[in-house]
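Containing CSV, C-alpha atoms: data-v3.csv.
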```
chain,number,residue,atom,x,y,z
E,1,MET,CA,49.6,-85.0,59.4
E,2,LYS,CA,46.8,-84.2,61.9
E,3,ILE,CA,44.7,-81.1,61.4
E,4,VAL,CA,43.0,-79.2,64.2
E,5,VAL,CA,40.3,-76.8,63.0
E,6,LEU,CA,38.9,-74.4,65.6
E,7,ALA,CA,35.7,-72.8,64.2
E,8,GLY,CA,34.0,-69.8,65.6
E,9,GLY,CA,31.1,-71.5,67.5
E,10,PRO,CA,31.0,-72.7,71.1
E,11,ALA,CA,34.2,-74.4,72.0
E,12,ALA,CA,34.3,-74.9,75.8
E,13,SER,CA,37.4,-76.8,76.9
E,14,PHE,CA,38.8,-77.0,73.4
E,15,GLU,CA,42.3,-76.9,74.9
E,16,THR,CA,41.6,-80.2,76.7
E,17,TYR,CA,40.4,-81.9,73.6
E,18,ILE,CA,43.4,-80.7,71.6
E,19,ALA,CA,45.7,-82.1,74.3
E,20,GLN,CA,43.9,-85.5,74.3
E,21,TYR,CA,44.0,-86.0,70.6
E,22,GLY,CA,47.6,-85.3,69.6
E,23,ASN,CA,51.1,-84.0,69.6
E,24,ARG,CA,51.5,-80.4,68.7
E,25,SER,CA,54.7,-81.1,66.7
E,26,HIS,CA,52.7,-83.2,64.2
E,27,THR,CA,49.6,-81.0,64.1
E,28,TYR,CA,48.6,-78.2,61.7
E,29,PHE,CA,46.4,-75.7,63.5
E,30,VAL,CA,43.7,-73.8,61.5
E,31,GLY,CA,41.7,-71.0,63.1
E,32,VAL,CA,38.4,-70.2,61.3
E,33,ASP,CA,37.3,-66.7,61.9
E,34,ARG,CA,37.1,-66.1,65.7
E,35,GLY,CA,38.7,-69.6,66.2
E,36,ALA,CA,42.0,-68.1,65.1
E,37,TYR,CA,41.8,-65.6,67.9
E,38,ARG,CA,40.9,-68.2,70.4
E,39,LEU,CA,43.8,-70.4,69.4
E,40,MET,CA,46.2,-67.5,69.8
E,41,GLN,CA,44.7,-66.5,73.2
E,42,ALA,CA,45.2,-70.1,74.4
E,43,GLY,CA,48.8,-70.2,73.3
E,44,PHE,CA,48.5,-72.6,70.4
E,45,PRO,CA,50.1,-72.1,67.0
E,46,VAL,CA,47.9,-70.6,64.2
E,47,ASN,CA,49.4,-72.1,61.1
E,48,LEU,CA,46.5,-70.8,59.1
E,49,ALA,CA,43.9,-68.2,59.9
E,50,ILE,CA,41.0,-68.2,57.5
E,51,GLY,CA,37.7,-66.4,57.2
E,52,ASP,CA,36.0,-63.1,56.7
E,53,PHE,CA,36.8,-62.2,60.3
E,54,ASP,CA,33.7,-60.2,60.7
E,55,SER,CA,33.4,-61.4,64.3
E,56,LEU,CA,36.7,-59.8,65.3
E,57,LYS,CA,37.3,-56.2,66.5
E,58,SER,CA,40.0,-54.4,64.5
E,59,GLU,CA,42.6,-54.8,67.2
E,60,GLU,CA,41.9,-58.5,67.5
E,61,PHE,CA,42.2,-59.0,63.7
E,62,GLU,CA,45.5,-57.1,63.8
E,63,ALA,CA,46.8,-59.3,66.6
E,64,VAL,CA,45.8,-62.5,64.6
E,65,SER,CA,47.4,-61.1,61.4
E,66,THR,CA,50.7,-60.7,63.2
E,67,TYR,CA,50.5,-64.0,65.1
E,68,ALA,CA,49.4,-66.4,62.3
E,69,ASP,CA,51.9,-68.1,60.0
E,70,ALA,CA,49.4,-67.4,57.1
E,71,LEU,CA,46.2,-65.5,56.9
E,72,HIS,CA,43.6,-65.8,54.1
E,73,GLN,CA,40.8,-63.3,54.4
E,74,SER,CA,37.7,-64.1,52.4
E,75,PRO,CA,34.9,-61.8,51.4
E,76,ALA,CA,31.8,-61.7,53.6
E,77,GLU,CA,29.5,-62.7,50.7
E,78,LYS,CA,30.7,-65.9,49.1
E,79,ASN,CA,29.5,-69.3,47.9
E,80,ASP,CA,31.5,-71.3,50.4
E,81,THR,CA,31.4,-71.0,54.2
E,82,ASP,CA,34.6,-70.2,56.0
E,83,LEU,CA,34.9,-73.7,57.3
E,84,GLU,CA,34.5,-75.1,53.8
E,85,LEU,CA,37.3,-72.8,52.6
E,86,ALA,CA,39.5,-74.1,55.5
E,87,MET,CA,38.8,-77.7,54.5
E,88,LEU,CA,39.5,-77.0,50.8
E,89,THR,CA,42.8,-75.3,51.7
E,90,VAL,CA,44.1,-78.1,53.9
E,91,ALA,CA,43.0,-80.8,51.4
E,92,ALA,CA,45.0,-78.9,48.7
E,93,ARG,CA,48.0,-78.4,51.0
E,94,PHE,CA,48.5,-81.9,52.4
E,95,LYS,CA,48.5,-85.1,50.4
E,96,LYS,CA,48.4,-87.3,53.5
E,97,ILE,CA,46.0,-86.3,56.3
E,98,ASP,CA,45.6,-88.7,59.1
E,99,GLU,CA,42.8,-86.9,61.0
E,100,ILE,CA,40.8,-83.7,61.0
E,101,LEU,CA,39.5,-82.6,64.4
E,102,ILE,CA,36.8,-79.9,64.1
E,103,LEU,CA,36.1,-78.0,67.3
E,104,GLY,CA,33.7,-75.1,67.7
E,105,GLY,CA,31.6,-76.4,64.9
E,106,ILE,CA,28.6,-77.9,66.7
E,107,GLY,CA,26.6,-76.9,69.8
E,108,GLY,CA,25.8,-73.4,68.6
E,109,ARG,CA,23.5,-72.2,65.8
E,110,PHE,CA,21.6,-75.2,64.5
E,111,ASP,CA,22.0,-74.1,60.8
E,112,HIS,CA,25.8,-73.9,61.3
E,113,GLY,CA,25.9,-77.2,63.1
E,114,ILE,CA,23.8,-79.2,60.5
E,115,GLN,CA,25.7,-77.7,57.6
E,116,ILE,CA,29.0,-78.9,59.2
E,117,PHE,CA,27.4,-82.3,60.0
E,118,TYR,CA,26.5,-82.7,56.3
E,119,LEU,CA,29.9,-81.6,55.1
E,120,VAL,CA,30.9,-85.1,54.3
E,121,LEU,CA,28.2,-85.5,51.7
E,122,GLN,CA,29.9,-83.0,49.4
E,123,LYS,CA,31.8,-84.9,46.6
E,124,ARG,CA,34.8,-82.6,46.9
E,125,PHE,CA,35.3,-83.8,50.5
E,126,ALA,CA,34.7,-87.5,49.7
E,127,GLU,CA,38.3,-88.5,50.5
E,128,LEU,CA,38.1,-86.9,53.9
E,129,VAL,CA,34.9,-88.6,55.1
E,130,GLU,CA,36.6,-91.1,57.5
E,131,LYS,CA,39.2,-88.6,58.7
E,132,ILE,CA,36.8,-86.0,60.1
E,133,ARG,CA,35.8,-85.8,63.8
E,134,LEU,CA,33.4,-83.2,65.2
E,135,ILE,CA,34.0,-82.6,68.9
E,136,ASP,CA,32.4,-80.5,71.6
E,137,ASN,CA,32.1,-81.0,75.4
E,138,GLN,CA,29.3,-83.5,75.0
E,139,ASN,CA,29.8,-85.3,71.7
E,140,VAL,CA,32.5,-86.9,69.5
E,141,ILE,CA,31.2,-87.6,66.0
E,142,GLN,CA,33.0,-89.5,63.2
E,143,PHE,CA,31.9,-90.7,59.8
E,144,VAL,CA,32.4,-94.0,58.0
E,145,GLY,CA,31.7,-95.5,54.6
E,146,PRO,CA,31.0,-99.1,53.6
E,147,GLY,CA,33.0,-101.8,55.3
E,148,ARG,CA,33.7,-103.2,58.7
E,149,HIS,CA,34.5,-100.8,61.4
E,150,GLU,CA,35.7,-101.4,65.0
E,151,ILE,CA,34.7,-98.6,67.4
E,152,VAL,CA,36.7,-98.0,70.5
E,153,LYS,CA,35.1,-96.3,73.4
E,154,ASP,CA,36.1,-92.7,74.1
E,155,PRO,CA,36.8,-92.7,77.9
E,156,SER,CA,35.1,-89.4,78.4
E,157,MET,CA,31.8,-90.4,76.8
E,158,THR,CA,29.0,-92.7,77.9
E,159,TYR,CA,26.6,-93.4,75.1
E,160,LEU,CA,26.9,-94.7,71.5
E,161,ALA,CA,24.6,-93.8,68.6
E,162,PHE,CA,24.4,-94.2,64.9
E,163,ALA,CA,22.8,-91.8,62.4
E,164,SER,CA,22.9,-92.3,58.6
E,165,LEU,CA,23.4,-89.5,56.1
E,166,THR,CA,22.2,-91.7,53.2
E,167,PRO,CA,20.2,-94.9,52.7
E,168,VAL,CA,22.3,-97.8,54.1
E,169,THR,CA,22.3,-101.5,53.2
E,170,ASN,CA,23.2,-104.5,55.3
E,171,PHE,CA,23.8,-102.5,58.5
E,172,LEU,CA,24.9,-104.6,61.4
E,173,ILE,CA,25.9,-103.9,65.0
E,174,LYS,CA,27.9,-106.4,67.1
E,175,ASP,CA,29.2,-106.5,70.7
E,176,ALA,CA,27.1,-103.5,71.8
E,177,LYS,CA,24.4,-103.5,74.5
E,178,TYR,CA,21.9,-103.5,71.7
E,179,GLU,CA,22.9,-105.5,68.7
E,180,LEU,CA,21.3,-105.4,65.2
E,181,ASP,CA,21.2,-108.1,62.5
E,182,ARG,CA,21.9,-107.0,59.0
E,183,THR,CA,19.2,-104.5,58.0
E,184,ASP,CA,18.5,-102.4,55.0
E,185,PHE,CA,17.4,-98.8,55.6
E,186,ASP,CA,15.9,-97.1,52.5
E,187,ARG,CA,15.8,-93.8,54.3
E,188,ASN,CA,18.1,-92.0,56.8
E,189,PHE,CA,17.9,-93.6,60.3
E,190,SER,CA,18.9,-92.7,63.8
E,191,LEU,CA,19.7,-95.4,66.4
E,192,SER,CA,20.4,-93.8,69.8
E,193,SER,CA,21.2,-94.6,73.4
E,194,ASN,CA,23.3,-97.7,72.8
E,195,GLU,CA,26.3,-98.5,75.0
E,196,PHE,CA,29.6,-100.3,75.1
E,197,ILE,CA,29.9,-103.5,77.1
E,198,ASP,CA,32.8,-103.6,79.6
E,199,GLU,CA,34.8,-101.2,77.4
E,200,GLN,CA,35.1,-103.7,74.6
E,201,PRO,CA,35.0,-102.4,71.1
E,202,VAL,CA,31.8,-102.4,69.1
E,203,THR,CA,31.8,-103.6,65.5
E,204,ILE,CA,29.5,-102.3,62.7
E,205,SER,CA,29.5,-103.1,59.1
E,206,PHE,CA,27.4,-102.2,56.0
E,207,THR,CA,27.8,-102.4,52.2
E,208,ALA,CA,26.5,-99.0,51.0
E,209,GLY,CA,26.0,-95.6,52.5
E,210,ILE,CA,27.5,-93.1,54.9
E,211,VAL,CA,27.0,-93.5,58.7
E,212,SER,CA,27.9,-91.2,61.6
E,213,ILE,CA,29.1,-92.7,64.8
E,214,ILE,CA,28.2,-90.5,67.8
E,215,GLN,CA,29.6,-91.0,71.3
E,216,SER,CA,28.0,-88.7,73.8
E,217,LYS,CA,27.4,-88.0,77.5
E,218,ASP,CA,25.0,-86.2,79.8
E,219,LEU,CA,26.1,-82.9,81.3
```

Could you write out this structure as structure tokens?
Amino acid sequence: MKIVVLAGGPAASFETYIAQYGNRSHTYFVGVDRGAYRLMQAGFPVNLAIGDFDSLKSEEFEAVSTYADALHQSPAEKNDTDLELAMLTVAARFKKIDEILILGGIGGRFDHGIQIFYLVLQKRFAELVEKIRLIDNQNVIQFVGPGRHEIVKDPSMTYLAFASLTPVTNFLIKDAKYELDRTDFDRNFSLSSNEFIDEQPVTISFTAGIVSIIQSKDL
């Protein structure tokens, strides 16, 4: 099952990204707070609407309530964010998740964006780390754990970067414009402005840690 989560932050052209990344018939659509209203307005299903919905007018909330297959309204004051509640709900509902696309999560308020970026560090989401992609109109971000990973170029992006969320050991980059021999990083690192060579995949490997892979472009 593929999960599309539309959060309440900036989400320009989210319809295009949804179309690029999957078939509606095998996708479960989650609208987080105002994201539920945006999905509805764009004609997508809303299999689950979740959040405190404080960003919606009363008539908008009523429309979402009628349209959504299921709606979970959370209190405004709570320990988990609306997006965390969405992730917990889909993780409990589906035993097999192939991919989770999160749109509208980055590109707005920095505190919201960095909280979502660090979501994969929470132990309760450990099994979802390599399934999550954060997407906006300038970036595609994925996360990987130890092992060997082959990275395929996103045709809409130009640059390739790596940023760790933990210390990393034996980090290696092969077949990119700028390669790296096995290196240990005892603190978080950021290696930016790399590129693919002639569209061929780039390989990275490491033996401990969590690394984000960021493909991006200029606007």

Please, which residues in segment 70-181 of chain E fall within 6 Å of segment 185-204 of chain E when counting only C-alpha atoms, and what is the closest atom pair and distance in Å to one decimal for each, ordered by chain then residue number, as CSV?
```
residue,atom,partner,partner_atom,distance
E:Arg148,CA,E:Ile204,CA,5.9
E:His149,CA,E:Ile204,CA,5.4
E:Glu150,CA,E:Thr203,CA,4.5
E:Ile151,CA,E:Val202,CA,5.1
E:Val152,CA,E:Pro201,CA,4.8
E:Tyr159,CA,E:Glu195,CA,5.1
E:Leu160,CA,E:Asn194,CA,4.9
E:Ala161,CA,E:Ser192,CA,4.4
E:Phe162,CA,E:Leu191,CA,5.1
E:Ala163,CA,E:Ser190,CA,4.2
E:Ser164,CA,E:Asn188,CA,5.1
E:Leu165,CA,E:Asn188,CA,5.9
E:Thr166,CA,E:Asn188,CA,5.5
E:Pro167,CA,E:Arg187,CA,4.8
E:Val168,CA,E:Phe185,CA,5.2
E:Leu172,CA,E:Ile204,CA,5.3
E:Ile173,CA,E:Ile204,CA,4.6
E:Lys174,CA,E:Thr203,CA,5.1
E:Asp175,CA,E:Val202,CA,5.1
E:Ala176,CA,E:Phe196,CA,5.2
E:Lys177,CA,E:Glu195,CA,5.4
```

Write out as number ranges by chain each polymer residue whose atoms come within 12 Å of Gln138 of chain E, counting only C-alpha atoms; drop sequence neighbours fewer than 2 positions from it. E: 10-14, 17, 103-104, 106-107, 134-136, 140-141, 154, 156-160, 214-219

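For the choices E:Pro146, E:Thr207, E:Ser55, E:Tyr28, the atom-to-atom distance to Arg93 of chain E is smallest for E:Tyr28 when using all atoms listed in the file.
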
Which residues come within 12 Å of Glu127 of chain E, counting only C-alpha atoms, excluding same-chain residues fewer than 2 positions away, as a ChimeraX atom specification? /E:87-88,91-92,95-100,119-125,129-132,143-145

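With distances restricted to only C-alpha atoms, E:Val4 is the closest residue to Ala19 of chain E from E:Val4, E:Val64, E:Asn47, E:Asp54.
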
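For the residues E:Asp33, E:Glu59, E:Asp181, E:Glu15, ranking by smallest atom-to-atom distance to Leu85 of chain E using only C-alpha atoms places E:Asp33 first.
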
Using all atoms listed in the file, find the one residue out of E:Arg34, E:Arg24, E:His72, E:Lys57 that sits nearest to Leu6 of chain E. E:Arg34

In Å, how far is it from atom CA of Lys78 of chain E to atom CA of Tyr118 of chain E? 18.8 Å

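Proximity to Phe94 of chain E at 9 Å, evaluated using all atoms listed in the file and with sequence-adjacent residues fewer than 4 positions away removed, yields Met1, Thr89 and Val90 of chain E.
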
Keeping C-alpha atoms, export the residues of the selection given above as a compact mmCIF listing (two decimals), keeping the file's coordinate frame.
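The resulting out-v5.txt:
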```
# COMPACT_ATOMS: atom_id res chain seq x y z
CA MET E 1 49.60 -85.00 59.40
CA THR E 89 42.80 -75.30 51.70
CA VAL E 90 44.10 -78.10 53.90
```

Within 10 Å of (49.1, -68.0, 53.6) (coordinates as in the file), grab all the protein and nucleic acid residues, counting all atoms listed in the file, and write them out as a list in words.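 Taken together, the residues in range are Asn47, Leu48, Ala49, Ile50, Ala68, Asp69, Ala70, Leu71, His72, Gln73 and Thr89 of chain E.
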
Please, what distance in Å, to one decimal, runs between atom CA of Ala63 of chain E and atom CA of Gln115 of chain E?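 Separation of atom CA of Ala63 of chain E and atom CA of Gln115 of chain E: 29.4 Å.
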
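The space between atom CA of Gly31 of chain E and atom CA of Pro45 of chain E spans 9.3 Å.
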